[in-house]
file upload_24.cif (mmCIF, C-alpha atoms and all ligand atoms; chains and numbers go by the auth columns)
data_my_file
loop_
_atom_site.group_PDB
_atom_site.id
_atom_site.type_symbol
_atom_site.label_atom_id
_atom_site.label_comp_id
_atom_site.label_asym_id
_atom_site.label_seq_id
_atom_site.Cartn_x
_atom_site.Cartn_y
_atom_site.Cartn_z
_atom_site.B_iso_or_equiv
_atom_site.auth_seq_id
_atom_site.auth_asym_id
ATOM 1 C CA MET A 1 0.000 0.000 0.000 0.00 132 P
ATOM 2 C CA PRO A 2 1.549 3.310 -1.049 0.00 133 P
ATOM 3 C CA LEU A 3 2.263 5.774 1.677 0.00 134 P
ATOM 4 C CA LYS A 4 0.410 9.051 1.717 0.00 135 P
ATOM 5 C CA ALA A 5 2.020 12.362 2.529 0.00 136 P
ATOM 6 C CA THR A 6 -0.279 12.654 5.516 0.00 137 P
ATOM 7 C CA ASP A 7 0.939 9.438 7.097 0.00 138 P
ATOM 8 C CA PRO A 8 2.703 10.276 10.350 0.00 139 P
ATOM 9 C CA ASP A 9 5.754 8.229 9.409 0.00 140 P
ATOM 10 C CA VAL A 10 6.143 9.978 6.060 0.00 141 P
ATOM 11 C CA ARG A 11 5.914 13.339 7.759 0.00 142 P
ATOM 12 C CA PHE A 12 8.442 12.202 10.329 0.00 143 P
ATOM 13 C CA TRP A 13 11.031 10.905 7.869 0.00 144 P
ATOM 14 C CA SER A 14 10.649 13.999 5.686 0.00 145 P
ATOM 15 C CA ARG A 15 12.175 15.925 8.591 0.00 146 P
ATOM 16 C CA VAL A 16 15.122 13.571 8.945 0.00 147 P
ATOM 17 C CA GLU A 17 18.186 13.949 6.772 0.00 148 P
ATOM 18 C CA ILE A 18 18.435 10.343 5.596 0.00 149 P
ATOM 19 C CA ARG A 19 21.943 9.327 4.633 0.00 150 P
ATOM 20 C CA ASP A 20 23.816 6.070 4.295 0.00 151 P
ATOM 21 C CA PRO A 21 22.911 3.435 6.899 0.00 152 P
ATOM 22 C CA ASP A 22 26.254 3.803 8.684 0.00 153 P
ATOM 23 C CA GLU A 23 26.025 7.586 8.898 0.00 154 P
ATOM 24 C CA CYS A 24 24.091 9.677 11.374 0.00 155 P
ATOM 25 C CA TRP A 25 20.708 10.950 10.247 0.00 156 P
ATOM 26 C CA PRO A 26 20.273 14.384 11.819 0.00 157 P
ATOM 27 C CA TRP A 27 16.836 15.617 12.819 0.00 158 P
ATOM 28 C CA ARG A 28 16.000 18.818 10.962 0.00 159 P
ATOM 29 C CA GLY A 29 13.060 19.858 13.094 0.00 160 P
ATOM 30 C CA TYR A 30 12.877 21.333 16.540 0.00 161 P
ATOM 31 C CA ARG A 31 15.620 20.310 18.980 0.00 162 P
ATOM 32 C CA ASP A 32 15.631 20.719 22.708 0.00 163 P
ATOM 33 C CA ARG A 33 18.405 22.319 24.726 0.00 164 P
ATOM 34 C CA LYS A 34 20.448 19.128 24.782 0.00 165 P
ATOM 35 C CA GLY A 35 20.160 18.734 21.021 0.00 166 P
ATOM 36 C CA TYR A 36 17.635 15.909 20.984 0.00 167 P
ATOM 37 C CA GLY A 37 14.977 16.139 18.296 0.00 168 P
ATOM 38 C CA ARG A 38 11.413 16.596 19.462 0.00 169 P
ATOM 39 C CA VAL A 39 8.314 15.623 17.549 0.00 170 P
ATOM 40 C CA MET A 40 4.700 16.432 18.329 0.00 171 P
ATOM 41 C CA VAL A 41 2.346 13.466 18.389 0.00 172 P
ATOM 42 C CA GLN A 42 -1.355 13.205 19.075 0.00 173 P
ATOM 43 C CA ARG A 43 -2.121 11.519 22.328 0.00 174 P
ATOM 44 C CA GLY A 44 -4.661 9.162 20.827 0.00 175 P
ATOM 45 C CA VAL A 45 -8.205 7.992 21.394 0.00 176 P
ATOM 46 C CA GLY A 46 -9.692 9.431 24.546 0.00 177 P
ATOM 47 C CA HIS A 47 -6.682 11.657 25.112 0.00 178 P
ATOM 48 C CA PRO A 48 -7.136 14.853 23.102 0.00 179 P
ATOM 49 C CA GLY A 49 -4.249 17.166 22.506 0.00 180 P
ATOM 50 C CA TRP A 50 -0.636 16.857 21.555 0.00 181 P
ATOM 51 C CA ARG A 51 2.542 16.095 23.372 0.00 182 P
ATOM 52 C CA SER A 52 6.175 16.230 22.376 0.00 183 P
ATOM 53 C CA VAL A 53 8.279 13.098 22.377 0.00 184 P
ATOM 54 C CA PRO A 54 11.956 12.533 21.536 0.00 185 P
ATOM 55 C CA ALA A 55 12.458 12.050 17.797 0.00 186 P
ATOM 56 C CA GLY A 56 14.670 9.040 18.426 0.00 187 P
ATOM 57 C CA ARG A 57 11.906 7.264 20.285 0.00 188 P
ATOM 58 C CA PHE A 58 9.493 7.966 17.473 0.00 189 P
ATOM 59 C CA ALA A 59 11.989 6.606 14.939 0.00 190 P
ATOM 60 C CA LEU A 60 12.261 3.374 16.895 0.00 191 P
ATOM 61 C CA TYR A 61 8.497 3.162 17.194 0.00 192 P
ATOM 62 C CA LEU A 62 8.033 3.514 13.426 0.00 193 P
ATOM 63 C CA CYS A 63 10.603 0.852 12.682 0.00 194 P
ATOM 64 C CA HIS A 64 9.608 -1.722 15.254 0.00 195 P
ATOM 65 C CA GLY A 65 5.935 -0.935 15.833 0.00 196 P
ATOM 66 C CA VAL A 66 6.501 -0.926 19.568 0.00 197 P
ATOM 67 C CA TRP A 67 6.729 2.196 21.653 0.00 198 P
ATOM 68 C CA PRO A 68 10.145 2.098 23.376 0.00 199 P
ATOM 69 C CA THR A 69 10.381 3.191 26.961 0.00 200 P
ATOM 70 C CA GLN A 70 13.622 4.912 26.084 0.00 201 P
ATOM 71 C CA ALA A 71 15.737 5.417 22.987 0.00 202 P
ATOM 72 C CA LEU A 72 19.460 5.217 23.533 0.00 203 P
ATOM 73 C CA HIS A 73 22.016 6.427 21.020 0.00 204 P
ATOM 74 C CA LEU A 74 24.874 4.183 20.010 0.00 205 P
ATOM 75 C CA CYS A 75 26.567 7.136 18.316 0.00 206 P
ATOM 76 C CA ASP A 76 26.420 9.790 21.074 0.00 207 P
ATOM 77 C CA ASN A 77 24.862 12.178 18.584 0.00 208 P
ATOM 78 C CA PRO A 78 21.659 13.532 20.159 0.00 209 P
ATOM 79 C CA PRO A 79 19.863 14.713 16.976 0.00 210 P
ATOM 80 C CA CYS A 80 20.585 11.419 15.175 0.00 211 P
ATOM 81 C CA CYS A 81 17.461 9.497 14.091 0.00 212 P
ATOM 82 C CA ASN A 82 19.149 6.615 12.286 0.00 213 P
ATOM 83 C CA PRO A 83 17.322 3.545 13.645 0.00 214 P
ATOM 84 C CA LEU A 84 20.550 1.578 13.348 0.00 215 P
ATOM 85 C CA HIS A 85 22.109 4.006 15.830 0.00 216 P
ATOM 86 C CA LEU A 86 19.236 3.730 18.285 0.00 217 P
ATOM 87 C CA TYR A 87 18.028 1.033 20.556 0.00 218 P
ATOM 88 C CA ASP A 88 15.329 0.597 23.112 0.00 219 P
ATOM 89 C CA GLY A 89 17.094 0.277 26.409 0.00 220 P
ATOM 90 C CA THR A 90 14.498 -2.225 27.555 0.00 221 P
ATOM 91 C CA ALA A 91 14.534 -4.391 24.426 0.00 222 P
ATOM 92 C CA TRP A 92 18.256 -4.385 23.864 0.00 223 P
ATOM 93 C CA ASP A 93 18.649 -8.134 23.488 0.00 224 P
ATOM 94 C CA ASN A 94 16.184 -8.508 20.622 0.00 225 P
ATOM 95 C CA SER A 95 17.152 -5.490 18.564 0.00 226 P
ATOM 96 C CA HIS A 96 20.856 -5.928 19.102 0.00 227 P
ATOM 97 C CA ASP A 97 20.630 -9.536 18.066 0.00 228 P
ATOM 98 C CA ALA A 98 18.827 -8.585 14.863 0.00 229 P
ATOM 99 C CA LEU A 99 21.372 -5.891 14.025 0.00 230 P
ATOM 100 C CA GLU A 100 24.308 -8.177 14.666 0.00 231 P
ATOM 101 C CA ARG A 101 23.022 -10.744 12.251 0.00 232 P
ATOM 102 C CA GLY A 102 22.215 -8.145 9.614 0.00 233 P
ATOM 103 C CA ARG A 103 18.605 -9.192 9.453 0.00 234 P
ATOM 104 C CA LEU A 104 17.327 -5.625 9.366 0.00 235 P
ATOM 105 C CA VAL A 105 17.569 -3.827 6.046 0.00 236 P
ATOM 106 C CA ILE A 106 16.412 -0.384 5.063 0.00 237 P
ATOM 107 C CA ASP A 107 13.820 -0.066 2.341 0.00 238 P
ATOM 108 C CA TYR A 108 14.600 3.354 0.926 0.00 239 P
ATOM 109 C CA ARG A 109 11.338 3.451 -0.973 0.00 240 P
ATOM 110 C CA HIS A 110 9.720 3.771 2.414 0.00 241 P
ATOM 111 C CA ARG A 111 12.455 5.995 3.771 0.00 242 P
ATOM 112 C CA GLY A 112 13.782 4.231 6.770 0.00 243 P
ATOM 113 C CA ARG A 113 11.232 1.513 7.304 0.00 244 P
ATOM 114 C CA PHE A 114 12.695 -1.791 8.275 0.00 245 P
ATOM 115 C CA HIS A 115 11.761 -5.123 6.821 0.00 246 P
ATOM 116 C CA PRO A 116 13.142 -8.504 7.691 0.00 247 P
ATOM 117 C CA ARG A 117 15.495 -9.733 5.039 0.00 248 P
ATOM 118 C CA PRO A 118 14.324 -13.042 3.525 0.00 249 P
ATOM 119 C CA THR A 119 16.679 -15.845 4.422 0.00 250 P
HETATM 120 ZN ZN ZN B . 23.962 8.348 14.695 0.00 301 C
#

call {"tool": "encode", "arguments": {"input": "upload_24.cif", "output": "structure tokens", "more": "lines below"}}
Ligand SMILES: [Zn+2]
result
Amino acid sequence: MPLKATDPDVRFWSRVEIRDPDECWPWRGYRDRKGYGRVMVQRGVGHPGWRSVPAGRFALYLCHGVWPTQALHLCDNPPCCNPLHLYDGTAWDNSHDALERGRLVIDYRHRGRFHPRPT
């Protein structure tokens, strides 16, 4: 299914400078005082209004479909949104294992979405 420009993930990745997988992908939107990207998200059903969340957490959420309790940077570069440079501190074992084995590949047609590589 083609992505629409209104999809939240398309809007998110349009504000990330997407480079090679081994480079940092700087956030081009609003950054907080420490340099971390911030993105506004709607709270959801029954919770009207918006809140700001770290861009790195949102990047992990889009790639894994699970909201991470925290997004840690492997590269010590706060504005970086490269999912390969981020990991959920609580799900380290799973994501790290997948990265080590190279099972996650970037589909550039979907700008940063991850799909399992067929074995
Ligand atoms: Zn990085």

call {"tool": "closest_residue", "arguments": {"input": "upload_24.cif", "among": "P:Pro210, P:Gly220, P:Pro199, P:Pro179", "to": "P:Gly160", "atoms": "all atoms listed in the file"}}
result
P:Pro210

call {"tool": "residues_around", "arguments": {"input": "upload_24.cif", "residues": "P:Tyr167", "least_positions_apart": "3", "cutoff": "10 Å", "atoms": "only C-alpha atoms", "output": "list in words"}}
result
Pro157, Trp158, Gly160, Tyr161, Arg162, Asp163, Arg164, Val170, Val184, Pro185, Ala186, Gly187, Asn208, Pro209, Pro210, Cys211 and Cys212 of chain P

call {"tool": "resolve_selection", "arguments": {"input": "upload_24.cif", "expression": "the PyMOL selection byres (((not hetatm)) within 12 of (chain C and resi 301))", "output": "PyMOL selection string"}}
result
chain P and resi 147-158+167+187+203-218

call {"tool": "write_last_selection", "arguments": {"input": "upload_24.cif", "atoms": "C-alpha atoms", "output": "JSON list (two decimals), in the coordinates of the input"}}
result
[["chain", "number", "residue", "atom", "x", "y", "z"],
["P", 147, "VAL", "CA", 15.12, 13.57, 8.94],
["P", 148, "GLU", "CA", 18.19, 13.95, 6.77],
["P", 149, "ILE", "CA", 18.43, 10.34, 5.60],
["P", 150, "ARG", "CA", 21.94, 9.33, 4.63],
["P", 151, "ASP", "CA", 23.82, 6.07, 4.30],
["P", 152, "PRO", "CA", 22.91, 3.44, 6.90],
["P", 153, "ASP", "CA", 26.25, 3.80, 8.68],
["P", 154, "GLU", "CA", 26.02, 7.59, 8.90],
["P", 155, "CYS", "CA", 24.09, 9.68, 11.37],
["P", 156, "TRP", "CA", 20.71, 10.95, 10.25],
["P", 157, "PRO", "CA", 20.27, 14.38, 11.82],
["P", 158, "TRP", "CA", 16.84, 15.62, 12.82],
["P", 167, "TYR", "CA", 17.64, 15.91, 20.98],
["P", 187, "GLY", "CA", 14.67, 9.04, 18.43],
["P", 203, "LEU", "CA", 19.46, 5.22, 23.53],
["P", 204, "HIS", "CA", 22.02, 6.43, 21.02],
["P", 205, "LEU", "CA", 24.87, 4.18, 20.01],
["P", 206, "CYS", "CA", 26.57, 7.14, 18.32],
["P", 207, "ASP", "CA", 26.42, 9.79, 21.07],
["P", 208, "ASN", "CA", 24.86, 12.18, 18.58],
["P", 209, "PRO", "CA", 21.66, 13.53, 20.16],
["P", 210, "PRO", "CA", 19.86, 14.71, 16.98],
["P", 211, "CYS", "CA", 20.58, 11.42, 15.18],
["P", 212, "CYS", "CA", 17.46, 9.50, 14.09],
["P", 213, "ASN", "CA", 19.15, 6.62, 12.29],
["P", 214, "PRO", "CA", 17.32, 3.54, 13.64],
["P", 215, "LEU", "CA", 20.55, 1.58, 13.35],
["P", 216, "HIS", "CA", 22.11, 4.01, 15.83],
["P", 217, "LEU", "CA", 19.24, 3.73, 18.28],
["P", 218, "TYR", "CA", 18.03, 1.03, 20.56]]

call {"tool": "atom_distance", "arguments": {"input": "upload_24.cif", "atom1": "atom CA of P:Tyr192", "atom2": "atom CA of P:Gly166"}}
result
19.8 Å

call {"tool": "closest_residue", "arguments": {"input": "upload_24.cif", "among": "P:His195, P:Arg159, P:Arg169, P:Arg142", "to": "P:Arg182", "atoms": "all atoms listed in the file"}}
result
P:Arg169
